[in-house]
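Down below is the structure, laid out as structure tokens.
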Amino acid sequence: MAEDWMKWLTEEEAAALEYTQTVGASAGAAHTVEVLHVCNQAVLNLRTVAALRALVGEKDGALVCSYAMRGLDPCYRSRGTPCVPCHVRALTEDDMRKRMEE
Ligand SMILES: [Zn+2]
């Protein structure tokens with residue numbers, strides 16, 4: 001049964017997790033300690049990815065348009081220059097990957 005935190009993973013990541021768990025659990029003693037360590041580490045890393053996405057979701061939910069907070073027309077409606085909270089909320093994982101490559 002899928003664990004709740006897995007809902008934060010992409011299909012590709014969920015498939016990788018399932019494969020990793022299968023490899024880690026299937027052959028048992030036939031695996032070297034190193035293989036089991038890599039499998040455990042991969043699962044921990046995917047849990048971290050899921051936790052970070054959940055964290056971003058919580059923070060996104062708390063970001064309110066600066067204009068709307070002041071009783072003005074929100075920037076996403078007025079199509080003006082995005083305020084900082086709206087700019088941050090619009091960032092994607094692809095945006096962050098590009099930044100890391102720069
Ligand atoms: Zn805004």
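Letters A, B, ... mark the chains of the structure tokens in the order given; residue numbers begin at 1 per chain; ligand numbers begin at 1, in order shown.
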### Task
Residues within 6 Å of ligand 1, counting only C-alpha atoms and all ligand atoms: report them as a count of residues only.
9
#### Entry: Picked from range 22-60 of chain A by DSSP as alpha helix (DSSP H), as a ChimeraX atom specification
/A:22-26,33-60
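The coordinates place CA of Trp8 in chain A at 10.5 Å from CA of Leu55 in chain A.
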Leu17 in chain A surroundings by only C-alpha atoms, 8 Å radius, close-in-sequence under 2 positions cut, as a PDB file with C-alpha atoms, in the first residue's frame:
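Below is the file that was written, part.pdb:
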ATOM      1  CA  GLU A  13      10.355   8.882  -8.380  1.00  0.00           C
ATOM      2  CA  ALA A  14       7.610   6.610  -7.044  1.00  0.00           C
ATOM      3  CA  ALA A  15       8.660   3.912  -9.527  1.00  0.00           C
ATOM      4  CA  TYR A  19      12.158  -0.659  -7.382  1.00  0.00           C
ATOM      5  CA  THR A  20      14.621   0.299  -4.672  1.00  0.00           C
ATOM      6  CA  GLN A  21      12.419  -1.165  -1.939  1.00  0.00           C
ATOM      7  CA  ALA A  42      17.817   6.192  -1.720  1.00  0.00           C
ATOM      8  CA  VAL A  43      14.608   5.723   0.280  1.00  0.00           C
ATOM      9  CA  LEU A  46      13.146  10.333  -1.571  1.00  0.00           C
TER      10      LEU A  46
END
### Message
Would you pick out the contacts of Arg89 in chain A at 12 Å or less, using only C-alpha atoms, so that residues sharing its chain but fewer than 3 positions from it are not included, and give the list as a ChimeraX atom specification?
### Response
/A:56-65,76,82-86,92-93,95
### Straight-line distance linking CA of Thr10 in chain A with CA of Val33 in chain A, stated in Å to one decimal
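Between CA of Thr10 in chain A and CA of Val33 in chain A the gap is 28.3 Å.
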### Task
Work out how far apart CA of Leu91 in chain A and CA of Ala54 in chain A are and give it in Å to one decimal.
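CA of Ala54 in chain A lies at a distance of 15.0 Å from CA of Leu91 in chain A.
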### Task
Would you list the contacts of Arg47 in chain A as number ranges by chain, taking every protein, DNA or RNA residue within 10 Å and counting only C-alpha atoms, but skipping same-chain residues closer than 2 positions in sequence?
A: 5-6, 8-9, 17, 41-45, 49-53
Please produce a file of those selected residues containing C-alpha atoms, as a short mmCIF file (atom, residue, chain, number, x, y, z; two decimals), in the first residue's frame.
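Ended up saving to part-v5.cif:
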data_model
loop_
_atom_site.label_atom_id
_atom_site.label_comp_id
_atom_site.auth_asym_id
_atom_site.auth_seq_id
_atom_site.Cartn_x
_atom_site.Cartn_y
_atom_site.Cartn_z
CA TRP A 5 4.27 10.77 1.89
CA MET A 6 4.61 9.15 -1.54
CA TRP A 8 4.62 14.14 -3.07
CA LEU A 9 6.75 12.10 -5.48
CA LEU A 17 11.26 4.04 -4.83
CA GLN A 41 19.90 5.88 1.47
CA ALA A 42 17.82 6.19 -1.72
CA VAL A 43 14.61 5.72 0.28
CA LEU A 44 15.73 8.32 2.84
CA ASN A 45 16.58 10.76 0.03
CA VAL A 49 12.32 15.19 -1.35
CA ALA A 50 8.72 14.45 -0.30
CA ALA A 51 9.17 16.36 2.98
CA LEU A 52 10.64 19.37 1.21
CA ARG A 53 7.79 19.47 -1.31
#
